[in-house]
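> Below is the file work.cif, which contains mmCIF, C-alpha atoms.
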```cif
data_entry
loop_
_atom_site.group_PDB
_atom_site.id
_atom_site.type_symbol
_atom_site.label_atom_id
_atom_site.label_comp_id
_atom_site.auth_asym_id
_atom_site.auth_seq_id
_atom_site.Cartn_x
_atom_site.Cartn_y
_atom_site.Cartn_z
ATOM 1 C CA MET A 1 248.797 88.842 15.741
ATOM 2 C CA LEU A 2 251.567 87.075 13.882
ATOM 3 C CA GLU A 3 253.847 84.459 15.475
ATOM 4 C CA GLN A 4 256.944 86.590 16.139
ATOM 5 C CA PRO A 5 255.033 89.479 17.784
ATOM 6 C CA LEU A 6 253.225 86.848 19.914
ATOM 7 C CA PHE A 7 256.600 85.449 21.048
ATOM 8 C CA ALA A 8 257.836 88.965 21.823
ATOM 9 C CA LEU A 9 254.733 89.722 23.891
ATOM 10 C CA VAL A 10 254.901 86.521 25.959
ATOM 11 C CA ARG A 11 258.658 87.065 26.422
ATOM 12 C CA ALA A 12 258.061 90.610 27.709
ATOM 13 C CA ALA A 13 255.439 89.344 30.192
ATOM 14 C CA LEU A 14 257.843 86.682 31.508
ATOM 15 C CA LEU A 15 260.936 88.915 31.699
ATOM 16 C CA ALA A 16 259.020 91.528 33.693
ATOM 17 C CA GLU A 17 258.687 89.131 36.656
ATOM 18 C CA LEU A 18 261.293 86.360 36.348
ATOM 19 C CA PRO A 19 264.325 86.447 38.660
ATOM 20 C CA GLU A 20 267.327 88.462 37.436
ATOM 21 C CA GLY A 21 269.617 86.470 35.153
ATOM 22 C CA VAL A 22 266.963 84.146 33.676
ATOM 23 C CA ALA A 23 266.878 84.350 29.875
ATOM 24 C CA VAL A 24 263.730 83.828 27.781
ATOM 25 C CA LEU A 25 264.440 82.503 24.275
ATOM 26 C CA GLN A 26 262.624 81.002 21.314
ATOM 27 C CA LYS A 27 263.400 77.296 21.110
ATOM 28 C CA ASN A 28 264.525 75.856 17.760
ATOM 29 C CA ASN A 29 265.244 79.337 16.438
ATOM 30 C CA PRO A 30 267.056 78.930 13.096
ATOM 31 C CA VAL A 31 269.698 81.521 14.043
ATOM 32 C CA THR A 32 270.566 80.054 17.463
ATOM 33 C CA VAL A 33 273.295 77.461 17.904
ATOM 34 C CA GLY A 34 273.381 75.424 21.122
ATOM 35 C CA VAL A 35 271.660 76.073 24.434
ATOM 36 C CA ALA A 36 272.203 78.988 26.764
ATOM 37 C CA SER A 37 274.648 78.397 29.603
ATOM 38 C CA GLY A 38 272.530 80.037 32.333
ATOM 39 C CA PRO A 39 268.997 79.408 33.566
ATOM 40 C CA THR A 40 266.676 79.752 30.588
ATOM 41 C CA ILE A 41 262.988 79.621 29.730
ATOM 42 C CA TYR A 42 262.338 78.380 26.176
ATOM 43 C CA MET A 43 259.209 78.951 24.096
ATOM 44 C CA GLU A 44 258.104 77.078 20.994
ATOM 45 C CA VAL A 45 254.886 76.728 19.016
ATOM 46 C CA ILE A 46 253.455 73.225 19.179
ATOM 47 C CA VAL A 47 250.028 73.993 17.650
ATOM 48 C CA PRO A 48 250.141 76.931 15.235
ATOM 49 C CA GLY A 49 247.257 79.393 14.984
ATOM 50 C CA GLN A 50 243.981 77.531 14.648
ATOM 51 C CA ARG A 51 241.077 79.645 13.442
ATOM 52 C CA VAL A 52 238.315 80.093 16.005
ATOM 53 C CA GLY A 53 234.849 81.110 14.852
ATOM 54 C CA TRP A 54 234.321 82.931 11.604
ATOM 55 C CA LEU A 55 235.959 85.845 9.799
ATOM 56 C CA SER A 56 234.293 89.083 10.875
ATOM 57 C CA ARG A 57 233.968 91.771 8.185
ATOM 58 C CA GLN A 58 233.132 95.384 8.879
ATOM 59 C CA ASP A 59 233.065 98.588 6.830
ATOM 60 C CA ARG A 60 233.141 102.042 8.425
ATOM 61 C CA LEU A 61 232.732 105.338 6.597
ATOM 62 C CA LYS A 62 235.847 107.474 7.079
ATOM 63 C CA LEU A 63 235.156 110.948 8.380
ATOM 64 C CA ASP A 64 235.366 113.775 5.812
ATOM 65 C CA THR A 65 235.740 111.335 2.891
ATOM 66 C CA THR A 66 233.607 109.041 0.802
ATOM 67 C CA GLU A 67 235.788 105.975 1.383
ATOM 68 C CA PHE A 68 235.208 103.113 3.786
ATOM 69 C CA ASP A 69 237.696 101.438 6.112
ATOM 70 C CA HIS A 70 237.288 97.698 5.514
ATOM 71 C CA GLU A 71 238.349 95.459 8.405
ATOM 72 C CA GLU A 72 238.576 91.665 8.545
ATOM 73 C CA LEU A 73 239.054 90.203 12.027
ATOM 74 C CA GLN A 74 239.899 86.581 12.848
ATOM 75 C CA TRP A 75 240.529 85.017 16.261
ATOM 76 C CA PHE A 76 243.229 82.337 16.570
ATOM 77 C CA ALA A 77 244.246 79.829 19.254
ATOM 78 C CA THR A 78 247.992 79.150 19.364
ATOM 79 C CA THR A 79 249.508 76.618 21.764
ATOM 80 C CA LEU A 80 253.017 77.305 23.036
ATOM 81 C CA GLN A 81 255.219 74.940 24.986
ATOM 82 C CA ILE A 82 257.159 76.758 27.700
ATOM 83 C CA SER A 83 260.118 74.773 29.073
ATOM 84 C CA ALA A 84 262.953 75.506 31.478
ATOM 85 C CA LEU A 85 266.596 74.515 31.741
ATOM 86 C CA ALA A 86 268.821 75.287 34.724
ATOM 87 C CA ARG A 87 271.788 73.462 36.177
ATOM 88 C CA LEU A 88 271.050 72.339 39.723
ATOM 89 C CA VAL A 89 272.920 74.701 42.051
ATOM 90 C CA THR A 90 272.272 74.756 45.796
ATOM 91 C CA GLY A 91 270.315 77.859 46.761
ATOM 92 C CA GLU A 92 269.317 78.685 43.163
ATOM 93 C CA PRO A 93 265.904 77.998 41.551
ATOM 94 C CA SER A 94 265.713 74.628 39.799
ATOM 95 C CA ALA A 95 264.356 74.191 36.276
ATOM 96 C CA ALA A 96 261.048 73.001 37.802
ATOM 97 C CA ASP A 97 260.916 76.164 39.941
ATOM 98 C CA LEU A 98 261.482 78.339 36.854
ATOM 99 C CA ALA A 99 258.772 76.526 34.857
ATOM 100 C CA GLN A 100 256.315 76.928 37.747
ATOM 101 C CA THR A 101 257.203 80.615 38.057
ATOM 102 C CA ALA A 102 256.641 81.126 34.325
ATOM 103 C CA ALA A 103 253.188 79.489 34.579
ATOM 104 C CA ASP A 104 252.354 81.662 37.596
ATOM 105 C CA ILE A 105 253.433 84.819 35.733
ATOM 106 C CA LEU A 106 251.311 84.071 32.670
ATOM 107 C CA GLN A 107 248.237 83.504 34.899
ATOM 108 C CA GLY A 108 248.946 86.354 37.331
ATOM 109 C CA ASP A 109 247.488 89.848 37.195
ATOM 110 C CA ALA A 110 250.648 91.573 35.911
ATOM 111 C CA GLY A 111 251.209 88.980 33.154
ATOM 112 C CA LEU A 112 247.551 89.105 32.118
ATOM 113 C CA ALA A 113 247.751 92.907 31.893
ATOM 114 C CA VAL A 114 250.776 92.751 29.562
ATOM 115 C CA LEU A 115 249.043 90.223 27.305
ATOM 116 C CA ALA A 116 245.671 92.028 27.405
ATOM 117 C CA ALA A 117 247.261 95.232 26.129
ATOM 118 C CA GLN A 118 247.651 93.441 22.764
ATOM 119 C CA ARG A 119 244.306 91.565 22.931
ATOM 120 C CA VAL A 120 245.938 88.247 23.861
ATOM 121 C CA ARG A 121 244.265 86.021 26.451
ATOM 122 C CA PRO A 122 245.543 82.763 27.929
ATOM 123 C CA LEU A 123 242.836 80.147 27.476
ATOM 124 C CA ARG A 124 244.406 77.523 29.709
ATOM 125 C CA ILE A 125 247.683 76.087 30.968
ATOM 126 C CA VAL A 126 247.772 72.306 30.689
ATOM 127 C CA THR A 127 250.018 69.284 30.248
ATOM 128 C CA SER A 128 252.804 69.836 32.758
ATOM 129 C CA ARG A 129 255.569 67.316 32.171
ATOM 130 C CA THR A 130 259.229 66.723 32.995
ATOM 131 C CA VAL A 131 261.596 65.035 30.558
ATOM 132 C CA TYR A 132 264.998 63.893 31.822
ATOM 133 C CA PHE A 133 268.040 63.765 29.570
ATOM 134 C CA LEU A 134 271.796 63.278 29.734
ATOM 135 C CA ASN A 135 273.477 66.657 29.305
ATOM 136 C CA ASP A 136 276.880 67.457 27.783
ATOM 137 C CA SER A 137 278.546 66.874 31.199
ATOM 138 C CA GLN A 138 277.091 63.348 31.321
ATOM 139 C CA GLN A 139 274.711 64.369 34.135
ATOM 140 C CA TYR A 140 270.992 63.785 34.207
ATOM 141 C CA GLU A 141 269.104 67.034 33.826
ATOM 142 C CA ALA A 142 265.404 67.845 34.062
ATOM 143 C CA ASN A 143 263.521 69.752 31.360
ATOM 144 C CA PRO A 144 260.099 70.598 32.850
ATOM 145 C CA SER A 145 257.517 72.175 30.556
ATOM 146 C CA PHE A 146 253.877 73.146 30.235
ATOM 147 C CA ASP A 147 251.566 74.016 27.369
ATOM 148 C CA ILE A 148 249.619 77.256 27.221
ATOM 149 C CA THR A 149 246.921 78.064 24.682
ATOM 150 C CA LEU A 150 246.684 81.752 23.833
ATOM 151 C CA MET A 151 243.703 83.381 22.142
ATOM 152 C CA HIS A 152 244.743 86.277 19.914
ATOM 153 C CA VAL A 153 243.278 88.309 17.115
ATOM 154 C CA GLN A 154 244.586 89.119 13.647
ATOM 155 C CA ILE A 155 243.145 92.173 11.928
ATOM 156 C CA ARG A 156 243.584 92.971 8.251
ATOM 157 C CA GLY A 157 242.503 96.300 6.891
ATOM 158 C CA SER A 158 242.018 97.931 3.520
ATOM 159 C CA LEU A 159 240.158 100.837 1.933
ATOM 160 C CA THR A 160 236.943 100.413 -0.018
ATOM 161 C CA PRO A 161 236.598 103.242 -2.550
ATOM 162 C CA ARG A 162 233.379 105.136 -2.988
ATOM 163 C CA VAL A 163 230.851 104.084 -5.608
ATOM 164 C CA GLU A 164 231.139 106.234 -8.730
ATOM 165 C CA THR A 165 228.175 105.010 -10.772
ATOM 166 C CA ILE A 166 225.260 102.684 -10.217
ATOM 167 C CA LEU A 167 223.753 101.125 -13.316
ATOM 168 C CA GLY A 168 220.469 99.307 -13.230
ATOM 169 C CA GLY A 169 217.506 98.276 -15.347
ATOM 170 C CA ALA A 170 217.468 99.593 -18.926
ATOM 171 C CA GLU A 171 220.837 101.339 -18.531
ATOM 172 C CA MET A 172 222.574 97.945 -18.363
ATOM 173 C CA VAL A 173 221.203 96.746 -21.722
ATOM 174 C CA ASN A 174 223.408 97.521 -24.736
#
```
Take the structure in this file and express it as structure tokens.

Amino acid sequence: MLEQPLFALVRAALLAELPEGVAVLQKNNPVTVGVASGPTIYMEVIVPGQRVGWLSRQDRLKLDTTEFDHEELQWFATTLQISALARLVTGEPSAADLAQTAADILQGDAGLAVLAAQRVRPLRIVTSRTVYFLNDSQQYEANPSFDITLMHVQIRGSLTPRVETILGGAEMVN
């Protein structure tokens, strides 16, 4: 699975269970300017797809033809950082609450089912942290985050044509 479809899948899993009004966006997206004004979960890749294991190759004879479907399958581990921003409002979830909810969703049964439909599996959620910064209103704001490593597969396919002629022995000598 390529990076953008992976983002879309994780986003769909989060949006299905997050409270109404919480946005889920790709952080450092080249077409986005500024931060969202409402409560937001951000996703970014911190360790791009690392190959796991070896490249699997398989050929299957297509029915009613003499061609083969050639498939190359590679597993990858991609680590995303999921962070949250939300202005502190009494009675509303804080940024830490949103980050914790996002982690719970990605480990919960419904989130796992959404990811599993595309052969994506969370390996682990680690490295919870909170960074504090001075926002544009000169107030200290928390930016809690966690890292999640996702195992996903990339499959490339092609056709292998049938063999027309086999030459061997004396036939190969000119």
> I would like the residues chosen by the PyMOL selection byres ((chain A and resi 102) around 12) on the shown file; could you give them as an MDAnalysis selection string?
chainID A and resid 10:19 22:24 40:43 81:84 95:101 103:108 111 125 144:148
> In terms of the shortest atom-to-atom distance over all atoms listed in the file, which of A:Gln58, A:Thr79, A:Gln4, A:Asn28 is closest to Thr127 (chain A)?
A:Thr79
> Could you please determine the separation between CA of Val35 (chain A) and CA of Leu80 (chain A) in Å, to one decimal place?
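Result for CA of Val35 (chain A) versus CA of Leu80 (chain A): 18.7 Å, one decimal.
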> State, in Å with one decimal place, the distance from CA of Glu164 (chain A) to CA of Glu71 (chain A).
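Here the two named atoms are 21.5 Å from each other.
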> Between A:Arg51, A:Lys62, A:Arg87, A:Arg124, which is the closest to Tyr140 (chain A) once you count only C-alpha atoms?
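Nearest candidate to Tyr140 (chain A) out of A:Arg51, A:Lys62, A:Arg87, A:Arg124: A:Arg87.
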> Which one of A:Leu63, A:Ala116, A:Ala110, A:Ala77 sits closest to Leu150 (chain A) if you count all atoms listed in the file?
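Closest candidate: A:Ala77.
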> Hey, can you check how far CA of Leu55 (chain A) sits from CA of Thr160 (chain A)?
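These two atoms are separated by 17.6 Å.
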> Written as a PyMOL selection string, what is the full residue list that the PyMOL selection byres ((chain A and resi 50) around 9) yields on the file shown?
chain A and resi 47-49+51-52+75-78
> How would the residues just chosen look if you wrote them out with C-alpha atoms as an mmCIF file, in the coordinates of the input?

```
data_model
loop_
_atom_site.group_PDB
_atom_site.id
_atom_site.type_symbol
_atom_site.label_atom_id
_atom_site.label_comp_id
_atom_site.auth_asym_id
_atom_site.auth_seq_id
_atom_site.Cartn_x
_atom_site.Cartn_y
_atom_site.Cartn_z
ATOM 1 C CA VAL A 47 250.028 73.993 17.650
ATOM 2 C CA PRO A 48 250.141 76.931 15.235
ATOM 3 C CA GLY A 49 247.257 79.393 14.984
ATOM 4 C CA ARG A 51 241.077 79.645 13.442
ATOM 5 C CA VAL A 52 238.315 80.093 16.005
ATOM 6 C CA TRP A 75 240.529 85.017 16.261
ATOM 7 C CA PHE A 76 243.229 82.337 16.570
ATOM 8 C CA ALA A 77 244.246 79.829 19.254
ATOM 9 C CA THR A 78 247.992 79.150 19.364
#
```
> Mind checking which residues fall within 8 Å of Val153 (chain A), counting only C-alpha atoms, ignoring those fewer than 3 positions away in the same chain, and posting them as a VMD selection string?
chain A and resid 1 73 to 76 119 to 120
> Between A:Leu159, A:Ala36, A:Ile46, A:Leu167, which one has atoms that come closest to Glu3 (chain A), using all atoms listed in the file?
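Smallest distance to Glu3 (chain A) is found for A:Ile46.
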> Here is a test: counting only C-alpha atoms, which residue of A:Gln26, A:Thr165, A:Ser37, A:Thr149 is nearest to Ala86 (chain A)?
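The closest residue to Ala86 (chain A) is A:Ser37.
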> Can you work out which one of A:Leu115, A:Gly168, A:Val89, A:Ala142 has the shortest atom-to-atom distance to Phe7 (chain A), counting only C-alpha atoms?
A:Leu115
> Using 8 Å of padding on each side, determine the axis-aligned box around all atoms of region 64-71 of chain A present in the file and give its centre and edge lengths in Å to one decimal, as lines of an AutoDock Vina configuration file.

```
center_x = 236.0
center_y = 104.6
center_z = 4.6
size_x = 20.7
size_y = 34.3
size_z = 23.6
```
> Keeping N, CA and C atoms, write region 58-100 of chain A of the structure just shown out as a PDB file, in the first residue's frame.

```pdb
ATOM      1  N   GLN A  58       5.313 -15.051  -7.107  1.00  0.00           N
ATOM      2  CA  GLN A  58       4.421 -16.168  -7.369  1.00  0.00           C
ATOM      3  C   GLN A  58       3.852 -16.027  -8.774  1.00  0.00           C
ATOM      4  N   ASP A  59       3.754 -17.151  -9.480  1.00  0.00           N
ATOM      5  CA  ASP A  59       3.140 -17.184 -10.804  1.00  0.00           C
ATOM      6  C   ASP A  59       1.969 -18.151 -10.769  1.00  0.00           C
ATOM      7  N   ARG A  60       0.822 -17.702 -11.304  1.00  0.00           N
ATOM      8  CA  ARG A  60      -0.373 -18.537 -11.363  1.00  0.00           C
ATOM      9  C   ARG A  60      -0.883 -18.568 -12.796  1.00  0.00           C
ATOM     10  N   LEU A  61      -1.181 -19.774 -13.273  1.00  0.00           N
ATOM     11  CA  LEU A  61      -1.721 -19.926 -14.622  1.00  0.00           C
ATOM     12  C   LEU A  61      -3.129 -19.352 -14.656  1.00  0.00           C
ATOM     13  N   LYS A  62      -3.385 -18.444 -15.610  1.00  0.00           N
ATOM     14  CA  LYS A  62      -4.720 -17.870 -15.757  1.00  0.00           C
ATOM     15  C   LYS A  62      -5.637 -18.911 -16.388  1.00  0.00           C
ATOM     16  N   LEU A  63      -6.848 -18.961 -15.923  1.00  0.00           N
ATOM     17  CA  LEU A  63      -7.811 -19.909 -16.479  1.00  0.00           C
ATOM     18  C   LEU A  63      -8.117 -19.579 -17.931  1.00  0.00           C
ATOM     19  N   ASP A  64      -8.245 -20.604 -18.759  1.00  0.00           N
ATOM     20  CA  ASP A  64      -8.623 -20.477 -20.173  1.00  0.00           C
ATOM     21  C   ASP A  64      -7.606 -19.716 -21.018  1.00  0.00           C
ATOM     22  N   THR A  65      -6.367 -19.570 -20.518  1.00  0.00           N
ATOM     23  CA  THR A  65      -5.314 -18.940 -21.321  1.00  0.00           C
ATOM     24  C   THR A  65      -4.029 -19.713 -21.098  1.00  0.00           C
ATOM     25  N   THR A  66      -2.990 -19.258 -21.767  1.00  0.00           N
ATOM     26  CA  THR A  66      -1.671 -19.862 -21.555  1.00  0.00           C
ATOM     27  C   THR A  66      -0.718 -18.846 -20.937  1.00  0.00           C
ATOM     28  N   GLU A  67      -1.271 -17.795 -20.331  1.00  0.00           N
ATOM     29  CA  GLU A  67      -0.452 -16.787 -19.670  1.00  0.00           C
ATOM     30  C   GLU A  67      -0.484 -17.012 -18.162  1.00  0.00           C
ATOM     31  N   PHE A  68       0.518 -16.445 -17.502  1.00  0.00           N
ATOM     32  CA  PHE A  68       0.609 -16.532 -16.049  1.00  0.00           C
ATOM     33  C   PHE A  68       0.438 -15.139 -15.449  1.00  0.00           C
ATOM     34  N   ASP A  69      -0.266 -15.077 -14.314  1.00  0.00           N
ATOM     35  CA  ASP A  69      -0.287 -13.861 -13.505  1.00  0.00           C
ATOM     36  C   ASP A  69       0.944 -13.913 -12.617  1.00  0.00           C
ATOM     37  N   HIS A  70       1.803 -12.898 -12.739  1.00  0.00           N
ATOM     38  CA  HIS A  70       3.017 -12.815 -11.922  1.00  0.00           C
ATOM     39  C   HIS A  70       2.750 -11.799 -10.820  1.00  0.00           C
ATOM     40  N   GLU A  71       3.007 -12.191  -9.572  1.00  0.00           N
ATOM     41  CA  GLU A  71       2.750 -11.317  -8.432  1.00  0.00           C
ATOM     42  C   GLU A  71       3.999 -11.229  -7.569  1.00  0.00           C
ATOM     43  N   GLU A  72       4.363  -9.993  -7.210  1.00  0.00           N
ATOM     44  CA  GLU A  72       5.464  -9.741  -6.283  1.00  0.00           C
ATOM     45  C   GLU A  72       4.878  -9.037  -5.060  1.00  0.00           C
ATOM     46  N   LEU A  73       5.101  -9.616  -3.879  1.00  0.00           N
ATOM     47  CA  LEU A  73       4.496  -9.128  -2.653  1.00  0.00           C
ATOM     48  C   LEU A  73       5.595  -8.765  -1.653  1.00  0.00           C
ATOM     49  N   GLN A  74       5.507  -7.570  -1.090  1.00  0.00           N
ATOM     50  CA  GLN A  74       6.485  -7.113  -0.105  1.00  0.00           C
ATOM     51  C   GLN A  74       5.763  -6.494   1.077  1.00  0.00           C
ATOM     52  N   TRP A  75       6.123  -6.916   2.292  1.00  0.00           N
ATOM     53  CA  TRP A  75       5.578  -6.314   3.504  1.00  0.00           C
ATOM     54  C   TRP A  75       6.438  -5.124   3.911  1.00  0.00           C
ATOM     55  N   PHE A  76       5.792  -4.083   4.437  1.00  0.00           N
ATOM     56  CA  PHE A  76       6.468  -2.872   4.891  1.00  0.00           C
ATOM     57  C   PHE A  76       6.001  -2.528   6.303  1.00  0.00           C
ATOM     58  N   ALA A  77       6.879  -1.863   7.052  1.00  0.00           N
ATOM     59  CA  ALA A  77       6.534  -1.295   8.361  1.00  0.00           C
ATOM     60  C   ALA A  77       6.707   0.213   8.242  1.00  0.00           C
ATOM     61  N   THR A  78       5.622   0.949   8.438  1.00  0.00           N
ATOM     62  CA  THR A  78       5.644   2.407   8.371  1.00  0.00           C
ATOM     63  C   THR A  78       5.237   2.947   9.731  1.00  0.00           C
ATOM     64  N   THR A  79       6.021   3.890  10.264  1.00  0.00           N
ATOM     65  CA  THR A  79       5.705   4.483  11.558  1.00  0.00           C
ATOM     66  C   THR A  79       5.119   5.870  11.348  1.00  0.00           C
ATOM     67  N   LEU A  80       3.911   6.051  11.867  1.00  0.00           N
ATOM     68  CA  LEU A  80       3.231   7.349  11.819  1.00  0.00           C
ATOM     69  C   LEU A  80       3.280   7.983  13.199  1.00  0.00           C
ATOM     70  N   GLN A  81       3.348   9.313  13.211  1.00  0.00           N
ATOM     71  CA  GLN A  81       3.165  10.046  14.459  1.00  0.00           C
ATOM     72  C   GLN A  81       1.768  10.651  14.388  1.00  0.00           C
ATOM     73  N   ILE A  82       0.963  10.354  15.394  1.00  0.00           N
ATOM     74  CA  ILE A  82      -0.390  10.898  15.494  1.00  0.00           C
ATOM     75  C   ILE A  82      -0.356  11.918  16.626  1.00  0.00           C
ATOM     76  N   SER A  83      -0.724  13.168  16.330  1.00  0.00           N
ATOM     77  CA  SER A  83      -0.701  14.217  17.356  1.00  0.00           C
ATOM     78  C   SER A  83      -2.063  14.906  17.388  1.00  0.00           C
ATOM     79  N   ALA A  84      -2.299  15.649  18.451  1.00  0.00           N
ATOM     80  CA  ALA A  84      -3.587  16.325  18.616  1.00  0.00           C
ATOM     81  C   ALA A  84      -3.373  17.771  19.033  1.00  0.00           C
ATOM     82  N   LEU A  85      -4.244  18.632  18.517  1.00  0.00           N
ATOM     83  CA  LEU A  85      -4.288  20.029  18.934  1.00  0.00           C
ATOM     84  C   LEU A  85      -5.737  20.380  19.230  1.00  0.00           C
ATOM     85  N   ALA A  86      -5.963  21.026  20.364  1.00  0.00           N
ATOM     86  CA  ALA A  86      -7.300  21.498  20.726  1.00  0.00           C
ATOM     87  C   ALA A  86      -7.147  22.581  21.782  1.00  0.00           C
ATOM     88  N   ARG A  87      -7.789  23.708  21.547  1.00  0.00           N
ATOM     89  CA  ARG A  87      -7.778  24.758  22.567  1.00  0.00           C
ATOM     90  C   ARG A  87      -8.507  24.245  23.794  1.00  0.00           C
ATOM     91  N   LEU A  88      -7.996  24.575  24.970  1.00  0.00           N
ATOM     92  CA  LEU A  88      -8.601  24.116  26.213  1.00  0.00           C
ATOM     93  C   LEU A  88      -9.884  24.893  26.470  1.00  0.00           C
ATOM     94  N   VAL A  89     -11.009  24.173  26.404  1.00  0.00           N
ATOM     95  CA  VAL A  89     -12.331  24.745  26.641  1.00  0.00           C
ATOM     96  C   VAL A  89     -13.010  23.872  27.690  1.00  0.00           C
ATOM     97  N   THR A  90     -13.539  24.485  28.728  1.00  0.00           N
ATOM     98  CA  THR A  90     -14.187  23.737  29.801  1.00  0.00           C
ATOM     99  C   THR A  90     -15.323  22.883  29.236  1.00  0.00           C
ATOM    100  N   GLY A  91     -15.308  21.604  29.609  1.00  0.00           N
ATOM    101  CA  GLY A  91     -16.360  20.696  29.154  1.00  0.00           C
ATOM    102  C   GLY A  91     -16.073  20.021  27.816  1.00  0.00           C
ATOM    103  N   GLU A  92     -15.036  20.441  27.122  1.00  0.00           N
ATOM    104  CA  GLU A  92     -14.661  19.845  25.835  1.00  0.00           C
ATOM    105  C   GLU A  92     -13.431  18.963  26.026  1.00  0.00           C
ATOM    106  N   PRO A  93     -13.237  17.942  25.159  1.00  0.00           N
ATOM    107  CA  PRO A  93     -12.036  17.103  25.279  1.00  0.00           C
ATOM    108  C   PRO A  93     -10.761  17.924  25.042  1.00  0.00           C
ATOM    109  N   SER A  94      -9.752  17.666  25.855  1.00  0.00           N
ATOM    110  CA  SER A  94      -8.459  18.336  25.676  1.00  0.00           C
ATOM    111  C   SER A  94      -7.688  17.647  24.558  1.00  0.00           C
ATOM    112  N   ALA A  95      -6.567  18.214  24.170  1.00  0.00           N
ATOM    113  CA  ALA A  95      -5.716  17.604  23.149  1.00  0.00           C
ATOM    114  C   ALA A  95      -5.233  16.233  23.624  1.00  0.00           C
ATOM    115  N   ALA A  96      -4.902  16.107  24.919  1.00  0.00           N
ATOM    116  CA  ALA A  96      -4.463  14.817  25.461  1.00  0.00           C
ATOM    117  C   ALA A  96      -5.586  13.788  25.378  1.00  0.00           C
ATOM    118  N   ASP A  97      -6.828  14.224  25.649  1.00  0.00           N
ATOM    119  CA  ASP A  97      -7.977  13.322  25.537  1.00  0.00           C
ATOM    120  C   ASP A  97      -8.145  12.838  24.099  1.00  0.00           C
ATOM    121  N   LEU A  98      -7.991  13.745  23.135  1.00  0.00           N
ATOM    122  CA  LEU A  98      -8.140  13.373  21.723  1.00  0.00           C
ATOM    123  C   LEU A  98      -7.046  12.403  21.289  1.00  0.00           C
ATOM    124  N   ALA A  99      -5.805  12.641  21.729  1.00  0.00           N
ATOM    125  CA  ALA A  99      -4.705  11.733  21.373  1.00  0.00           C
ATOM    126  C   ALA A  99      -4.950  10.344  21.964  1.00  0.00           C
ATOM    127  N   GLN A 100      -5.412  10.296  23.212  1.00  0.00           N
ATOM    128  CA  GLN A 100      -5.705   9.012  23.853  1.00  0.00           C
ATOM    129  C   GLN A 100      -6.852   8.301  23.133  1.00  0.00           C
TER     130      GLN A 100
END
```
